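Report on the structure given below.
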Amino acid sequence: KQEVTQIPAALSVPEGENLVLNCSFTDSAIYNLQWFRQDPGKGLTSLLLIQSSQREQTSGRLNASLDKSSGRSTLYIAASQPGDSATYLCAVEDTGRRALTFGSGTRLQVQP
Amino acid sequence: DTAVSQTPKYLVTQMGNDKSIKCEQNLGHDTMYWYKQDSKKFLKIMFSYNNKELIINETVPNRFSPKSPDKAHLNLHINSLELGDSAVYFCASSQLSEAFFGQGTRLTVV
(Lines give C-alpha, C1' and ligand atoms only; values in the text may rest on other atoms or scores of the structure.)
Protein backbone atom coordinates (compact mmCIF):
# COMPACT_ATOMS: atom_id res chain seq x y z
CA LYS A 1 0.00 0.00 0.00
CA GLN A 2 1.40 3.38 -1.03
CA GLU A 3 2.44 5.73 1.77
CA VAL A 4 3.48 9.34 1.26
CA THR A 5 5.49 11.27 3.82
CA GLN A 6 6.27 14.97 3.84
CA ILE A 7 9.05 16.60 5.78
CA PRO A 8 9.08 19.01 7.52
CA ALA A 9 5.54 19.19 8.88
CA ALA A 10 5.91 22.94 9.40
CA LEU A 11 8.40 25.55 8.29
CA SER A 12 8.80 29.23 9.06
CA VAL A 13 11.23 31.33 7.04
CA PRO A 14 11.95 35.02 6.49
CA GLU A 15 10.89 36.58 3.22
CA GLY A 16 13.36 36.17 0.36
CA GLU A 17 14.75 32.83 1.46
CA ASN A 18 14.97 29.86 -0.89
CA LEU A 19 13.46 26.69 0.54
CA VAL A 20 12.97 23.01 -0.17
CA LEU A 21 10.00 20.85 0.76
CA ASN A 22 10.47 17.10 0.76
CA CYS A 23 8.15 14.27 -0.20
CA SER A 24 8.85 10.55 -0.13
CA PHE A 25 6.74 7.60 -1.23
CA THR A 26 7.09 3.89 -0.55
CA ASP A 27 6.06 2.33 -3.87
CA SER A 28 8.00 3.55 -6.91
CA ALA A 29 5.42 2.24 -9.41
CA ILE A 30 3.80 5.62 -9.81
CA TYR A 31 2.04 7.12 -12.81
CA ASN A 32 2.59 10.72 -11.75
CA LEU A 33 3.25 13.00 -8.79
CA GLN A 34 1.49 16.28 -8.14
CA TRP A 35 2.19 19.18 -5.81
CA PHE A 36 -0.72 21.22 -4.49
CA ARG A 37 -1.17 24.31 -2.41
CA GLN A 38 -3.98 24.68 0.12
CA ASP A 39 -4.82 27.98 1.78
CA PRO A 40 -6.74 27.89 5.09
CA GLY A 41 -10.39 27.06 4.52
CA LYS A 42 -9.88 26.77 0.78
CA GLY A 43 -9.61 24.07 -1.85
CA LEU A 44 -6.50 22.63 -3.45
CA THR A 45 -4.65 24.48 -6.18
CA SER A 46 -2.48 22.37 -8.47
CA LEU A 47 1.06 23.71 -8.67
CA LEU A 48 3.06 21.19 -10.65
CA LEU A 49 2.51 17.76 -12.17
CA ILE A 50 5.44 15.45 -12.90
CA GLN A 51 4.81 12.40 -15.05
CA SER A 52 6.72 9.26 -14.07
CA SER A 53 8.99 9.60 -17.11
CA GLN A 54 9.99 13.16 -16.19
CA ARG A 55 12.68 14.35 -13.79
CA GLU A 56 11.44 17.86 -13.06
CA GLN A 57 8.92 20.57 -13.81
CA THR A 58 9.18 24.32 -13.38
CA SER A 59 6.61 27.05 -13.02
CA GLY A 60 7.79 30.54 -12.18
CA ARG A 61 9.61 30.43 -8.83
CA LEU A 62 8.65 26.80 -8.29
CA ASN A 63 10.66 23.78 -9.33
CA ALA A 64 9.68 20.21 -8.56
CA SER A 65 11.98 17.24 -9.05
CA LEU A 66 11.22 13.53 -9.10
CA ASP A 67 13.52 10.60 -8.40
CA LYS A 68 11.20 7.67 -8.90
CA SER A 69 13.72 4.95 -8.13
CA SER A 70 14.47 6.37 -4.69
CA GLY A 71 10.84 7.37 -4.05
CA ARG A 72 11.52 11.05 -3.56
CA SER A 73 10.35 14.43 -4.79
CA THR A 74 11.32 17.93 -3.77
CA LEU A 75 9.56 21.23 -4.26
CA TYR A 76 11.94 24.15 -4.46
CA ILE A 77 10.57 27.64 -3.87
CA ALA A 78 12.87 30.48 -4.85
CA ALA A 79 12.82 33.92 -3.24
CA SER A 80 9.90 33.14 -0.95
CA GLN A 81 7.18 35.76 -0.37
CA PRO A 82 4.55 36.16 2.36
CA GLY A 83 1.94 35.19 -0.25
CA ASP A 84 3.56 31.76 -0.44
CA SER A 85 2.32 31.02 3.08
CA ALA A 86 0.05 27.97 2.82
CA THR A 87 0.05 24.20 3.25
CA TYR A 88 1.84 22.33 0.48
CA LEU A 89 0.64 18.84 -0.33
CA CYS A 90 2.38 16.13 -2.29
CA ALA A 91 0.28 13.39 -3.90
CA VAL A 92 1.10 10.38 -6.05
CA GLU A 93 -1.04 8.42 -8.46
CA ASP A 94 -0.03 4.78 -8.61
CA THR A 95 0.15 3.03 -11.95
CA GLY A 96 -3.21 1.37 -12.63
CA ARG A 97 -4.99 3.07 -9.73
CA ARG A 98 -7.08 6.13 -10.56
CA ALA A 99 -6.72 7.96 -7.26
CA LEU A 100 -4.19 10.13 -5.46
CA THR A 101 -2.46 9.19 -2.23
CA PHE A 102 -1.63 12.32 -0.27
CA GLY A 103 1.06 13.21 2.22
CA SER A 104 0.10 15.06 5.37
CA GLY A 105 1.47 18.33 4.06
CA THR A 106 4.05 20.96 4.99
CA ARG A 107 2.64 24.12 6.56
CA LEU A 108 4.76 27.02 5.35
CA GLN A 109 4.85 30.48 6.85
CA VAL A 110 6.90 33.20 5.18
CA GLN A 111 7.48 36.15 7.47
CA PRO A 112 7.65 39.68 6.04
CA ASP B 1 -15.65 29.86 -15.07
CA THR B 2 -15.11 27.42 -12.21
CA ALA B 3 -13.63 24.14 -13.46
CA VAL B 4 -14.86 21.93 -10.61
CA SER B 5 -17.73 23.29 -8.57
CA GLN B 6 -19.45 21.72 -5.60
CA THR B 7 -22.44 22.77 -3.57
CA PRO B 8 -23.11 23.58 -0.85
CA LYS B 9 -19.91 25.09 0.53
CA TYR B 10 -21.10 24.66 4.11
CA LEU B 11 -23.53 22.13 5.50
CA VAL B 12 -24.62 21.92 9.13
CA THR B 13 -27.04 19.15 10.00
CA GLN B 14 -28.23 16.96 12.85
CA MET B 15 -27.24 13.38 13.48
CA GLY B 16 -29.42 10.90 11.68
CA ASN B 17 -30.28 13.19 8.78
CA ASP B 18 -29.67 12.42 5.12
CA LYS B 19 -27.82 14.96 2.99
CA SER B 20 -26.36 15.33 -0.50
CA ILE B 21 -23.40 17.20 -1.92
CA LYS B 22 -23.34 17.99 -5.62
CA CYS B 23 -20.32 18.24 -7.90
CA GLU B 24 -19.98 19.35 -11.49
CA GLN B 25 -16.93 19.69 -13.73
CA ASN B 26 -16.77 21.56 -17.04
CA LEU B 27 -13.36 20.27 -18.09
CA GLY B 28 -14.59 17.32 -20.15
CA HIS B 29 -12.71 14.91 -17.89
CA ASP B 30 -13.58 11.22 -17.78
CA THR B 31 -12.67 10.60 -14.15
CA MET B 32 -14.21 12.15 -11.06
CA TYR B 33 -13.46 11.61 -7.37
CA TRP B 34 -14.61 12.25 -3.86
CA TYR B 35 -11.95 12.84 -1.19
CA LYS B 36 -12.40 13.39 2.54
CA GLN B 37 -10.20 15.71 4.60
CA ASP B 38 -10.42 14.92 8.28
CA SER B 39 -9.90 17.15 11.28
CA LYS B 40 -6.15 16.58 11.08
CA LYS B 41 -6.23 17.88 7.49
CA PHE B 42 -5.36 14.47 6.04
CA LEU B 43 -6.86 13.87 2.57
CA LYS B 44 -8.02 10.40 1.62
CA ILE B 45 -9.77 8.99 -1.44
CA MET B 46 -13.34 7.79 -0.97
CA PHE B 47 -14.59 7.05 -4.47
CA SER B 48 -13.34 7.21 -8.02
CA TYR B 49 -15.59 7.12 -11.10
CA ASN B 50 -14.49 6.74 -14.70
CA ASN B 51 -17.07 7.41 -17.39
CA LYS B 52 -19.88 7.07 -14.83
CA GLU B 53 -18.57 3.69 -13.63
CA LEU B 54 -17.34 3.15 -10.07
CA ILE B 55 -13.69 2.07 -10.13
CA ILE B 56 -12.57 2.71 -6.56
CA ASN B 57 -14.55 2.38 -3.35
CA GLU B 58 -12.09 2.81 -0.54
CA THR B 59 -13.89 0.85 2.21
CA VAL B 60 -16.31 3.67 2.79
CA PRO B 61 -19.42 2.85 4.90
CA ASN B 62 -22.39 2.05 2.71
CA ARG B 63 -24.19 5.05 4.22
CA PHE B 64 -22.21 6.95 1.58
CA SER B 65 -23.56 6.48 -1.92
CA PRO B 66 -22.05 8.30 -4.88
CA LYS B 67 -24.11 8.78 -7.99
CA SER B 68 -22.89 9.84 -11.42
CA PRO B 69 -25.80 10.76 -13.70
CA ASP B 70 -23.38 11.73 -16.45
CA LYS B 71 -19.66 12.23 -16.98
CA ALA B 72 -19.76 15.83 -15.76
CA HIS B 73 -21.50 15.18 -12.45
CA LEU B 74 -20.69 13.14 -9.37
CA ASN B 75 -22.96 13.61 -6.38
CA LEU B 76 -22.46 12.24 -2.89
CA HIS B 77 -25.43 11.18 -0.80
CA ILE B 78 -24.95 10.40 2.88
CA ASN B 79 -27.59 8.58 4.93
CA SER B 80 -27.99 8.56 8.70
CA LEU B 81 -25.27 11.11 9.35
CA GLU B 82 -22.98 10.53 12.31
CA LEU B 83 -20.78 12.91 14.30
CA GLY B 84 -17.70 11.26 12.81
CA ASP B 85 -18.80 12.25 9.31
CA SER B 86 -17.89 15.86 10.09
CA ALA B 87 -15.11 16.76 7.67
CA VAL B 88 -14.40 18.65 4.48
CA TYR B 89 -15.38 16.73 1.36
CA PHE B 90 -13.62 17.52 -1.91
CA CYS B 91 -14.71 16.66 -5.39
CA ALA B 92 -12.03 16.40 -8.09
CA SER B 93 -11.66 15.45 -11.74
CA SER B 94 -8.83 14.42 -14.02
CA GLN B 95 -8.10 13.15 -17.53
CA LEU B 96 -5.16 10.75 -17.30
CA SER B 97 -3.00 13.41 -15.66
CA GLU B 98 -3.44 16.56 -13.61
CA ALA B 99 -6.23 16.51 -11.05
CA PHE B 100 -8.36 19.58 -10.36
CA PHE B 101 -10.21 20.05 -7.11
CA GLY B 102 -13.35 21.86 -6.08
CA GLN B 103 -13.43 24.31 -3.18
CA GLY B 104 -14.71 21.73 -0.72
CA THR B 105 -17.87 21.24 1.33
CA ARG B 106 -17.46 21.62 5.08
CA LEU B 107 -19.92 19.21 6.68
CA THR B 108 -20.66 19.63 10.36
CA VAL B 109 -22.85 17.07 12.08
CA VAL B 110 -24.29 18.19 15.42
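Labels used: A, B, ... for chains in the order of the C-alpha coordinates, numbers from 1 for residues in each chain, and numbers from 1 for ligands as shown.
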
Test item: chain B residues at most 10 Å from chain A, counting only C-alpha atoms, as a ChimeraX atom specification: /B:31-35,40-50,55-56,88-92,94-106

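All residues of protein, DNA or RNA that reach within 7 Å of Ala3 in chain B, judged by only C-alpha atoms and not counting those fewer than 6 positions away in the chain, are Gln25, Asn26 and Leu27 of chain B.
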
Check chain A with DSSP on the backbone and list each residue it calls strand (DSSP E), as a PyMOL selection string. chain A and resi 4-7+10-14+19-25+30-38+44-51+56-59+62-67+72-77+86-94+100-102+106-111

From B:Asn79, B:Gly84, B:Pro66, B:His73, residue lying nearest Gly28 in chain B [only C-alpha atoms]: B:His73

One decimal, in Å: what's the spacing between CA of Asn22 in chain A and CA of Gly60 in chain A? 18.8 Å

Have a look at A:Arg61, A:Arg37, A:Arg107, A:Lys1 and name the one nearest to Cys90 in chain A; count only C-alpha atoms. A:Arg37

What's the 7 Å shell around Ile7 in chain A, counting only C-alpha atoms, without same-chain residues fewer than 4 positions away, as a VMD selection string? chain A and resid 21 to 23 106

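Reported to one decimal place, the separation of CA of Ser39 in chain B from CA of Gln2 in chain A is 21.7 Å.
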
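Picture a line from CA of Asn57 in chain B to CA of Asp94 in chain A; it runs 15.6 Å.
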